[in-house]
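Content type mmCIF, C-alpha atoms, from the file final.cif:
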```cif
data_entry
loop_
_atom_site.group_PDB
_atom_site.id
_atom_site.type_symbol
_atom_site.label_atom_id
_atom_site.label_comp_id
_atom_site.auth_asym_id
_atom_site.auth_seq_id
_atom_site.Cartn_x
_atom_site.Cartn_y
_atom_site.Cartn_z
ATOM 1 C CA MET A 1 0.000 0.000 0.000
ATOM 2 C CA THR A 2 1.407 3.380 -0.997
ATOM 3 C CA LEU A 3 1.251 6.023 1.716
ATOM 4 C CA ARG A 4 1.245 9.685 0.733
ATOM 5 C CA ARG A 5 1.859 13.070 2.272
ATOM 6 C CA TYR A 6 0.958 16.533 1.018
ATOM 7 C CA ALA A 7 3.309 19.487 0.726
ATOM 8 C CA ALA A 8 3.142 23.056 -0.511
ATOM 9 C CA CYS A 9 6.227 24.292 -2.371
ATOM 10 C CA THR A 10 7.088 27.841 -3.409
ATOM 11 C CA VAL A 11 8.762 28.761 -6.700
ATOM 12 C CA ALA A 12 9.878 32.243 -7.734
ATOM 13 C CA LEU A 13 7.716 33.849 -10.397
ATOM 14 C CA THR A 14 9.851 34.829 -13.389
ATOM 15 C CA SER A 15 7.070 35.926 -15.704
ATOM 16 C CA THR A 16 3.549 37.262 -15.675
ATOM 17 C CA GLY A 17 2.802 35.383 -18.874
ATOM 18 C CA ASN A 18 0.807 32.198 -19.136
ATOM 19 C CA THR A 19 3.733 29.828 -18.414
ATOM 20 C CA ILE A 20 5.040 29.314 -14.872
ATOM 21 C CA GLN A 21 7.395 26.816 -13.266
ATOM 22 C CA LEU A 22 5.701 24.709 -10.608
ATOM 23 C CA LEU A 23 8.360 22.245 -9.416
ATOM 24 C CA PRO A 24 12.090 21.650 -9.935
ATOM 25 C CA ALA A 25 13.601 18.551 -11.521
ATOM 26 C CA GLY A 26 15.368 15.932 -9.405
ATOM 27 C CA GLU A 27 15.582 15.964 -5.609
ATOM 28 C CA PHE A 28 14.578 19.017 -3.570
ATOM 29 C CA ARG A 29 14.087 19.893 0.090
ATOM 30 C CA ALA A 30 12.888 22.795 2.179
ATOM 31 C CA GLN A 31 15.479 24.965 3.894
ATOM 32 C CA ASP A 32 13.913 24.194 7.287
ATOM 33 C CA GLY A 33 14.865 20.519 6.881
ATOM 34 C CA ARG A 34 11.663 19.037 5.565
ATOM 35 C CA PRO A 35 10.518 16.542 4.498
ATOM 36 C CA ASN A 36 11.028 14.629 7.739
ATOM 37 C CA ASP A 37 9.665 11.277 6.597
ATOM 38 C CA VAL A 38 11.782 10.855 3.436
ATOM 39 C CA ASP A 39 15.267 12.003 2.362
ATOM 40 C CA ALA A 40 13.876 14.431 -0.242
ATOM 41 C CA TRP A 41 11.021 15.109 -2.588
ATOM 42 C CA THR A 42 11.752 13.890 -6.093
ATOM 43 C CA LEU A 43 10.442 14.507 -9.582
ATOM 44 C CA ASP A 44 11.859 13.051 -12.787
ATOM 45 C CA ALA A 45 10.616 12.399 -16.296
ATOM 46 C CA THR A 46 8.936 9.120 -15.339
ATOM 47 C CA SER A 47 7.101 10.405 -12.278
ATOM 48 C CA ALA A 48 6.235 13.642 -14.089
ATOM 49 C CA ALA A 49 4.700 11.661 -16.962
ATOM 50 C CA ALA A 50 2.539 9.701 -14.499
ATOM 51 C CA LEU A 51 1.520 12.934 -12.752
ATOM 52 C CA ILE A 52 0.574 14.605 -16.026
ATOM 53 C CA GLU A 53 -1.422 11.551 -17.151
ATOM 54 C CA ALA A 54 -3.296 11.473 -13.837
ATOM 55 C CA SER A 55 -4.110 15.169 -14.246
ATOM 56 C CA THR A 56 -5.455 14.831 -17.784
ATOM 57 C CA GLY A 57 -9.215 15.375 -17.813
ATOM 58 C CA ALA A 58 -9.256 16.428 -14.165
ATOM 59 C CA GLY A 59 -10.322 19.979 -15.013
ATOM 60 C CA LYS A 60 -8.568 23.229 -14.206
ATOM 61 C CA PHE A 61 -6.228 23.692 -11.266
ATOM 62 C CA LEU A 62 -6.813 26.650 -8.958
ATOM 63 C CA ILE A 63 -4.260 29.325 -8.112
ATOM 64 C CA ASP A 64 -5.344 31.278 -5.033
ATOM 65 C CA TYR A 65 -3.634 33.637 -2.581
ATOM 66 C CA GLU A 66 -1.557 32.221 0.303
ATOM 67 C CA HIS A 67 -3.339 28.848 0.093
ATOM 68 C CA GLN A 68 -6.487 30.448 1.497
ATOM 69 C CA SER A 69 -8.654 27.801 -0.199
ATOM 70 C CA LEU A 70 -7.044 25.270 2.178
ATOM 71 C CA ASN A 71 -7.611 27.472 5.217
ATOM 72 C CA ALA A 72 -11.036 28.972 4.453
ATOM 73 C CA GLN A 73 -12.962 26.454 6.515
ATOM 74 C CA ALA A 74 -10.783 27.101 9.558
ATOM 75 C CA ASN A 75 -10.520 30.899 9.408
ATOM 76 C CA GLY A 76 -13.816 31.738 7.717
ATOM 77 C CA GLN A 77 -12.179 34.134 5.240
ATOM 78 C CA PRO A 78 -12.962 34.231 1.496
ATOM 79 C CA ALA A 79 -10.665 32.431 -0.927
ATOM 80 C CA PRO A 80 -10.665 34.339 -4.243
ATOM 81 C CA ALA A 81 -8.942 32.863 -7.283
ATOM 82 C CA ALA A 82 -5.781 34.460 -8.643
ATOM 83 C CA GLY A 83 -5.799 32.286 -11.746
ATOM 84 C CA TRP A 84 -6.386 28.888 -13.310
ATOM 85 C CA PHE A 85 -4.385 26.423 -15.388
ATOM 86 C CA LYS A 86 -4.924 23.031 -16.974
ATOM 87 C CA THR A 87 -1.963 22.032 -19.134
ATOM 88 C CA LEU A 88 1.204 20.631 -17.516
ATOM 89 C CA GLU A 89 4.538 20.166 -19.270
ATOM 90 C CA TRP A 90 7.764 18.441 -18.199
ATOM 91 C CA ARG A 91 11.005 20.122 -19.228
ATOM 92 C CA GLU A 92 14.009 17.893 -18.782
ATOM 93 C CA GLY A 93 16.573 19.352 -16.401
ATOM 94 C CA GLU A 94 14.208 22.165 -15.377
ATOM 95 C CA GLY A 95 11.036 20.720 -13.896
ATOM 96 C CA LEU A 96 7.260 20.832 -14.179
ATOM 97 C CA TYR A 97 5.538 23.808 -15.797
ATOM 98 C CA ALA A 98 1.993 25.074 -16.260
ATOM 99 C CA THR A 99 1.734 26.492 -19.773
ATOM 100 C CA ASP A 100 -1.774 27.939 -20.011
ATOM 101 C CA VAL A 101 -2.240 30.073 -16.888
ATOM 102 C CA GLU A 102 -5.236 32.398 -16.939
ATOM 103 C CA TRP A 103 -4.489 35.179 -14.434
ATOM 104 C CA THR A 104 -7.179 37.423 -13.039
ATOM 105 C CA ASP A 105 -6.637 41.127 -13.667
ATOM 106 C CA LYS A 106 -5.988 41.722 -9.977
ATOM 107 C CA ALA A 107 -3.388 38.941 -9.750
ATOM 108 C CA ARG A 108 -1.599 40.100 -12.908
ATOM 109 C CA GLN A 109 -1.338 43.645 -11.546
ATOM 110 C CA MET A 110 -0.042 42.406 -8.166
ATOM 111 C CA ILE A 111 2.643 40.282 -9.867
ATOM 112 C CA GLN A 112 3.719 43.120 -12.160
ATOM 113 C CA SER A 113 3.957 45.547 -9.238
ATOM 114 C CA GLY A 114 6.009 43.068 -7.181
ATOM 115 C CA GLU A 115 3.351 42.524 -4.515
ATOM 116 C CA TYR A 116 3.654 38.771 -5.125
ATOM 117 C CA ARG A 117 6.854 37.039 -6.210
ATOM 118 C CA TYR A 118 6.363 33.295 -5.749
ATOM 119 C CA ILE A 119 4.105 30.495 -6.888
ATOM 120 C CA SER A 120 3.451 27.734 -4.348
ATOM 121 C CA PRO A 121 1.999 24.443 -5.644
ATOM 122 C CA VAL A 122 0.449 21.897 -3.291
ATOM 123 C CA ILE A 123 1.551 18.364 -4.078
ATOM 124 C CA SER A 124 0.909 14.804 -2.935
ATOM 125 C CA TYR A 125 3.974 12.608 -2.518
ATOM 126 C CA ASP A 126 4.815 8.991 -1.749
ATOM 127 C CA LYS A 127 5.829 8.614 1.898
ATOM 128 C CA ALA A 128 8.155 5.719 1.116
ATOM 129 C CA THR A 129 10.086 7.249 -1.802
ATOM 130 C CA GLY A 130 9.359 10.978 -1.738
ATOM 131 C CA ALA A 131 8.236 10.874 -5.379
ATOM 132 C CA VAL A 132 5.705 13.563 -6.278
ATOM 133 C CA THR A 133 2.514 11.773 -7.338
ATOM 134 C CA ARG A 134 -0.149 14.435 -7.769
ATOM 135 C CA LEU A 135 -0.646 18.161 -8.130
ATOM 136 C CA VAL A 136 -3.462 19.529 -5.921
ATOM 137 C CA SER A 137 -3.487 23.307 -6.421
ATOM 138 C CA ALA A 138 -1.204 26.353 -6.310
ATOM 139 C CA ALA A 139 -1.044 29.767 -4.668
ATOM 140 C CA LEU A 140 0.605 33.153 -4.925
ATOM 141 C CA THR A 141 2.776 33.770 -1.870
ATOM 142 C CA ASN A 142 5.743 35.763 -0.579
ATOM 143 C CA SER A 143 7.338 33.016 1.514
ATOM 144 C CA PRO A 144 10.320 31.603 -0.405
ATOM 145 C CA ALA A 145 12.795 28.937 -0.048
ATOM 146 C CA ILE A 146 13.417 25.418 -1.394
ATOM 147 C CA ASP A 147 16.772 24.012 -2.370
ATOM 148 C CA GLY A 148 17.193 23.034 -5.986
ATOM 149 C CA MET A 149 15.288 25.833 -7.754
ATOM 150 C CA GLU A 150 15.313 29.547 -7.865
ATOM 151 C CA GLU A 151 13.485 29.828 -4.555
ATOM 152 C CA VAL A 152 10.965 27.488 -3.028
ATOM 153 C CA THR A 153 9.453 26.691 0.324
ATOM 154 C CA ALA A 154 7.759 23.482 1.332
ATOM 155 C CA LEU A 155 5.014 23.250 3.877
ATOM 156 C CA THR A 156 3.790 19.865 5.039
ATOM 157 C CA LEU A 157 0.037 19.941 5.607
ATOM 158 C CA VAL A 158 -3.229 18.056 5.921
ATOM 159 C CA ASN A 159 -2.063 14.446 5.998
ATOM 160 C CA GLU A 160 0.270 14.560 8.984
ATOM 161 C CA ALA A 161 -1.049 11.788 11.244
ATOM 162 C CA ASP A 162 -0.065 13.643 14.450
ATOM 163 C CA PRO A 163 0.148 17.420 13.975
ATOM 164 C CA VAL A 164 1.319 17.903 17.579
ATOM 165 C CA ALA A 165 4.288 15.601 16.968
ATOM 166 C CA ALA A 166 5.038 17.482 13.761
ATOM 167 C CA LEU A 167 4.986 20.763 15.679
ATOM 168 C CA ARG A 168 7.367 19.358 18.294
ATOM 169 C CA ARG A 169 9.809 18.213 15.601
ATOM 170 C CA TYR A 170 9.683 21.645 14.029
ATOM 171 C CA MET A 171 10.162 23.462 17.348
ATOM 172 C CA ALA A 172 13.087 21.187 18.246
ATOM 173 C CA LYS A 173 14.985 22.563 15.257
ATOM 174 C CA GLN A 174 14.544 26.178 16.318
ATOM 175 C CA VAL A 175 17.296 28.144 18.033
ATOM 176 C CA ASP A 176 14.947 29.810 20.502
ATOM 177 C CA PRO A 177 14.746 27.719 23.740
ATOM 178 C CA ALA A 178 11.177 28.932 24.213
ATOM 179 C CA ALA A 179 10.137 26.920 21.159
ATOM 180 C CA LEU A 180 9.918 23.616 23.044
ATOM 181 C CA ARG A 181 8.002 25.276 25.888
ATOM 182 C CA ILE A 182 5.473 26.462 23.328
ATOM 183 C CA ALA A 183 5.265 22.934 21.939
ATOM 184 C CA ASP A 184 4.690 21.605 25.493
ATOM 185 C CA GLN A 185 1.885 24.123 26.040
ATOM 186 C CA VAL A 186 0.240 23.238 22.744
ATOM 187 C CA GLU A 187 0.510 19.520 23.497
ATOM 188 C CA ALA A 188 -1.041 20.001 26.961
ATOM 189 C CA LEU A 189 -3.845 22.095 25.498
ATOM 190 C CA VAL A 190 -4.583 19.505 22.814
ATOM 191 C CA ALA A 191 -4.594 16.699 25.413
ATOM 192 C CA ALA A 192 -6.971 18.638 27.672
ATOM 193 C CA THR A 193 -9.245 19.411 24.740
ATOM 194 C CA ARG A 194 -9.351 15.770 23.678
ATOM 195 C CA GLU A 195 -10.187 14.690 27.242
ATOM 196 C CA ALA A 196 -12.964 17.289 27.491
ATOM 197 C CA LEU A 197 -14.406 16.170 24.154
ATOM 198 C CA ALA A 198 -14.347 12.532 25.293
ATOM 199 C CA GLN A 199 -16.204 13.460 28.492
ATOM 200 C CA LEU A 200 -18.791 15.448 26.540
ATOM 201 C CA LYS A 201 -19.271 12.524 24.182
ATOM 202 C CA ALA A 202 -19.808 10.140 27.114
ATOM 203 C CA GLN A 203 -22.248 12.541 28.780
ATOM 204 C CA SER A 204 -24.141 12.963 25.534
ATOM 205 C CA ALA A 205 -24.448 9.196 25.112
ATOM 206 C CA ALA A 206 -25.712 8.827 28.694
ATOM 207 C CA ALA A 207 -28.244 11.611 28.176
ATOM 208 C CA ARG A 208 -29.536 9.965 24.990
ATOM 209 C CA GLN A 209 -29.900 6.628 26.790
ATOM 210 C CA ALA A 210 -31.773 8.270 29.687
ATOM 211 C CA GLN A 211 -34.083 10.062 27.276
ATOM 212 C CA THR A 212 -34.835 6.782 25.516
ATOM 213 C CA GLN A 213 -35.714 5.137 28.824
ATOM 214 C CA VAL A 214 -37.934 8.038 29.887
ATOM 215 C CA SER A 215 -39.742 7.975 26.541
ATOM 216 C CA ALA A 216 -40.348 4.229 26.825
ATOM 217 C CA LEU A 217 -41.680 4.592 30.378
ATOM 218 C CA THR A 218 -43.925 7.474 29.319
ATOM 219 C CA ARG A 219 -45.396 5.366 26.520
ATOM 220 C CA GLN A 220 -46.032 2.482 28.926
ATOM 221 C CA MET A 221 -47.772 4.747 31.428
ATOM 222 C CA GLN A 222 -49.900 6.308 28.682
ATOM 223 C CA ALA A 223 -50.915 2.890 27.355
ATOM 224 C CA ALA A 224 -51.853 1.729 30.879
ATOM 225 C CA ARG A 225 -53.960 4.853 31.428
ATOM 226 C CA ILE A 226 -55.782 4.365 28.109
ATOM 227 C CA ASP A 227 -56.513 0.723 28.974
ATOM 228 C CA ALA A 228 -57.879 1.758 32.375
ATOM 229 C CA VAL A 229 -60.170 4.451 30.923
ATOM 230 C CA ILE A 230 -61.576 2.182 28.197
ATOM 231 C CA ASP A 231 -61.990 -0.869 30.460
ATOM 232 C CA SER A 232 -63.799 1.244 33.039
ATOM 233 C CA ALA A 233 -66.123 2.690 30.409
ATOM 234 C CA LEU A 234 -66.919 -0.774 29.062
ATOM 235 C CA ASP A 235 -67.581 -2.153 32.540
ATOM 236 C CA GLU A 236 -69.946 0.726 33.324
ATOM 237 C CA ALA A 237 -71.731 0.504 29.959
ATOM 238 C CA ARG A 238 -70.569 4.021 29.038
ATOM 239 C CA LEU A 239 -68.908 2.600 25.945
ATOM 240 C CA LEU A 240 -70.057 -0.109 23.544
ATOM 241 C CA PRO A 241 -67.575 -2.861 22.648
ATOM 242 C CA ALA A 242 -67.871 -1.867 18.991
ATOM 243 C CA GLN A 243 -66.696 1.617 19.939
ATOM 244 C CA ALA A 244 -63.619 0.509 21.853
ATOM 245 C CA GLU A 245 -61.159 0.648 18.954
ATOM 246 C CA ALA A 246 -62.267 4.132 17.908
ATOM 247 C CA ALA A 247 -62.039 5.230 21.533
ATOM 248 C CA ARG A 248 -58.475 3.888 21.730
ATOM 249 C CA ARG A 249 -57.408 5.806 18.610
ATOM 250 C CA LEU A 250 -58.859 8.997 20.062
ATOM 251 C CA ALA A 251 -57.097 8.380 23.392
ATOM 252 C CA GLU A 252 -53.729 7.930 21.683
ATOM 253 C CA THR A 253 -53.960 11.464 20.304
ATOM 254 C CA ASP A 254 -55.976 13.170 23.053
ATOM 255 C CA ILE A 255 -56.901 11.110 26.108
ATOM 256 C CA GLU A 256 -58.463 14.128 27.809
ATOM 257 C CA ALA A 257 -60.945 14.423 24.924
ATOM 258 C CA LEU A 258 -61.980 10.777 25.336
ATOM 259 C CA THR A 259 -62.361 11.218 29.086
ATOM 260 C CA ALA A 260 -64.669 14.164 28.460
ATOM 261 C CA VAL A 261 -66.772 12.135 25.976
ATOM 262 C CA LEU A 262 -67.124 9.284 28.466
ATOM 263 C CA ASN A 263 -68.002 11.574 31.363
ATOM 264 C CA ARG A 264 -71.636 10.440 31.534
ATOM 265 C CA PRO A 265 -73.942 9.988 34.549
ATOM 266 C CA ALA A 266 -73.194 6.965 36.691
ATOM 267 C CA ILE A 267 -75.247 3.852 35.978
ATOM 268 C CA VAL A 268 -77.511 2.447 38.716
ATOM 269 C CA PRO A 269 -75.926 -0.383 40.781
ATOM 270 C CA ALA A 270 -78.542 -2.872 39.650
ATOM 271 C CA LEU A 271 -77.504 -2.341 36.038
ATOM 272 C CA LEU A 272 -73.829 -2.781 36.851
ATOM 273 C CA GLY A 273 -74.516 -6.052 38.626
ATOM 274 C CA MET A 274 -76.083 -7.536 35.508
ATOM 275 C CA GLN A 275 -73.022 -7.115 33.228
ATOM 276 C CA SER A 276 -70.557 -9.820 32.364
ATOM 277 C CA ASP A 277 -69.009 -11.387 29.353
ATOM 278 C CA GLY A 278 -71.904 -13.798 29.295
ATOM 279 C CA ILE A 279 -75.539 -12.957 30.063
ATOM 280 C CA LYS A 280 -76.296 -12.370 33.699
ATOM 281 C CA ARG A 281 -79.870 -11.444 34.634
ATOM 282 C CA PRO A 282 -82.405 -12.090 37.437
ATOM 283 C CA ALA A 283 -84.715 -15.065 37.131
ATOM 284 C CA ALA A 284 -87.656 -12.729 36.548
ATOM 285 C CA HIS A 285 -86.035 -11.607 33.306
ATOM 286 C CA ARG A 286 -85.485 -15.007 31.811
ATOM 287 C CA GLY A 287 -86.880 -15.365 28.360
ATOM 288 C CA ALA A 288 -85.404 -12.049 27.231
ATOM 289 C CA THR A 289 -81.623 -11.924 27.246
ATOM 290 C CA LEU A 290 -80.091 -8.540 28.101
ATOM 291 C CA THR A 291 -76.759 -7.944 26.404
ATOM 292 C CA ARG A 292 -74.169 -5.267 27.235
ATOM 293 C CA GLU A 293 -75.667 -3.132 24.481
ATOM 294 C CA ASP A 294 -79.122 -3.592 26.032
ATOM 295 C CA MET A 295 -77.791 -2.331 29.347
ATOM 296 C CA HIS A 296 -76.296 0.663 27.598
ATOM 297 C CA MET A 297 -79.696 1.441 26.053
ATOM 298 C CA CYS A 298 -81.270 1.218 29.506
ATOM 299 C CA SER A 299 -78.783 3.798 30.714
ATOM 300 C CA LEU A 300 -79.402 6.114 27.758
ATOM 301 C CA THR A 301 -83.236 5.852 27.837
ATOM 302 C CA GLY A 302 -83.698 5.796 31.600
ATOM 303 C CA ARG A 303 -85.652 2.514 31.501
ATOM 304 C CA LYS A 304 -85.266 -0.078 34.211
ATOM 305 C CA PRO A 305 -83.796 -3.413 33.146
ATOM 306 C CA GLU A 306 -87.092 -5.153 33.919
ATOM 307 C CA GLU A 307 -88.970 -2.750 31.620
ATOM 308 C CA PHE A 308 -86.450 -3.145 28.861
ATOM 309 C CA ALA A 309 -86.570 -6.957 29.227
ATOM 310 C CA ALA A 310 -90.346 -6.895 28.966
ATOM 311 C CA LEU A 311 -90.162 -4.776 25.824
ATOM 312 C CA LYS A 312 -87.626 -7.095 24.383
ATOM 313 C CA ARG A 313 -89.740 -10.180 25.057
ATOM 314 C CA ARG A 314 -92.696 -8.402 23.424
ATOM 315 C CA PHE A 315 -90.695 -7.556 20.309
ATOM 316 C CA GLU A 316 -89.349 -11.084 20.103
ATOM 317 C CA ALA A 317 -92.876 -12.492 20.351
ATOM 318 C CA GLU A 318 -94.111 -10.166 17.617
ATOM 319 C CA ASP A 319 -91.219 -11.136 15.335
ATOM 320 C CA THR A 320 -91.976 -14.847 15.748
ATOM 321 C CA GLY A 321 -95.775 -14.487 15.606
ATOM 322 C CA THR A 322 -96.308 -16.116 18.998
ATOM 323 C CA PRO A 323 -98.237 -14.483 21.865
ATOM 324 C CA ASP A 324 -96.160 -12.934 24.705
#
```
Using structure tokens, write down the structure from this file.
Amino acid sequence: MTLRRYAACTVALTSTGNTIQLLPAGEFRAQDGRPNDVDAWTLDATSAAALIEASTGAGKFLIDYEHQSLNAQANGQPAPAAGWFKTLEWREGEGLYATDVEWTDKARQMIQSGEYRYISPVISYDKATGAVTRLVSAALTNSPAIDGMEEVTALTLVNEADPVAALRRYMAKQVDPAALRIADQVEALVAATREALAQLKAQSAAARQAQTQVSALTRQMQAARIDAVIDSALDEARLLPAQAEAARRLAETDIEALTAVLNRPAIVPALLGMQSDGIKRPAAHRGATLTREDMHMCSLTGRKPEEFAALKRRFEAEDTGTPD
């Protein structure tokens, strides 16, 4: 598996025309000692040919100012284009060139006036060999210095696995003894931030779990309350069995509304004593079975069960053609 790193390199601008040098030929390094993971960055005819082939059809490459397109998300500043290019050309002994640069008017004026002097391409390179494998973008900058060309600088970015370790390596090479103290402070701050983020993540997970449990318990309590309201209404003949499902749907959206609908006058004790899943009635009422619905009609019409049973026997007799 090929591992890669990214670097930004700076090359002196020698022309404001549409051809600019992007990278030198051969081996090159930054004056601050980078790269740290390979002996040097390298570009030759073979690797340049592969890079150019990989770039064919990839669209235009951006030239911005000071690599702001890489930093825009972090600093929130705009990242205007200074120019665009598409065509790459390898020149043996010299390096890689862009030959069709389209500068913006502003960028052209800034180059001509000397406000910007260097072009800084961002490259991807093989961690094992240092070979340049891909061109990412480029930028106008005023920070020179790479060995092996007119002037170049290289800046490792983005793919460093441990940026704190990279900072410590960089600070260790500085003359100022305060450099390592700064690295220590940054490392401590990063460690504290990571610990705080881990604690927040754990607290957030616990809060989500608690909320899930509360929601489940709330649903269980609501379901139990609905069952109690409907069962009570059925037992007291304030609700017909055929109406139970509709009552449950109403309760699931607004149980207070169902309670208000079922808030009817209490049924007489004698009527309550005659309800069961089967038919339960006094001996005097035999011959006319009173169902739960019959009891409900007694409650609604104000008739006594005996009167309703008598009416029922009369209607049954009339339906069959036999005398009561």
**Report entry** Hits from the PyMOL selection byres ((chain A and resi 125-133) around 10), listed as a PyMOL selection string
**Finding:** chain A and resi 2-7+23+26-28+35-44+47-52+54+122-124+134-136
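Shortest separation to A:Met295 among A:Ile255, A:Ala216, A:Ala237, A:Leu250 occurs at residue A:Ala237, atoms counted being all atoms listed in the file.
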Report task. Would you work out the distance separating atom CA of A:Ala188 from atom CA of A:Glu66, expressed in Å to one decimal? Result ->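 Computing it gives 29.3 Å between the two atoms.
Note that the spacing between atom CA of A:Phe61 and atom CA of A:Glu94 amounts to 20.9 Å.
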Report task. Please evaluate the PyMOL selection byres ((chain A and resi 81-93) around 7) against the displayed coordinates and give the resulting residues as an NGL selection string. Result -> :A and (25 or 45 or 48 or 52 or 59-65 or 79-80 or 94-104 or 107)
Query raised in the report: Quick one: distance from atom CA of A:Ile230 to atom CA of A:Arg292 in Å, one decimal?
Result: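 Between atom CA of A:Ile230 and atom CA of A:Arg292 the gap works out to 14.7 Å.
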Query - Evaluate the PyMOL selection byres ((chain A and resi 184) around 12) and report residues as a ChimeraX atom specification - result: /A:164-165,167-169,171-172,177-183,185-191
Requested in this report: Write out as a list in words the residues lying within 12 Å of A:Ile226, counting all atoms listed in the file and excluding same-chain residues fewer than 5 positions away.
Outcome: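 That gives Arg219, Gln220, Met221, Asp231, Ser232, Ala233, Ala244, Glu245, Ala247, Arg248, Arg249, Leu250, Ala251, Glu252, Thr253, Asp254, Ile255, Glu256, Ala257, Leu258 and Thr259 of chain A.
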How big is the axis-aligned box around all listed atoms of stretch 75-89 of chain A once 4 Å goes on each side, and where's its centre, in Å to one decimal, as lines of an AutoDock Vina configuration file?
```
center_x = -4.6
center_y = 27.3
center_z = -4.9
size_x = 26.4
size_y = 22.3
size_z = 36.7
```
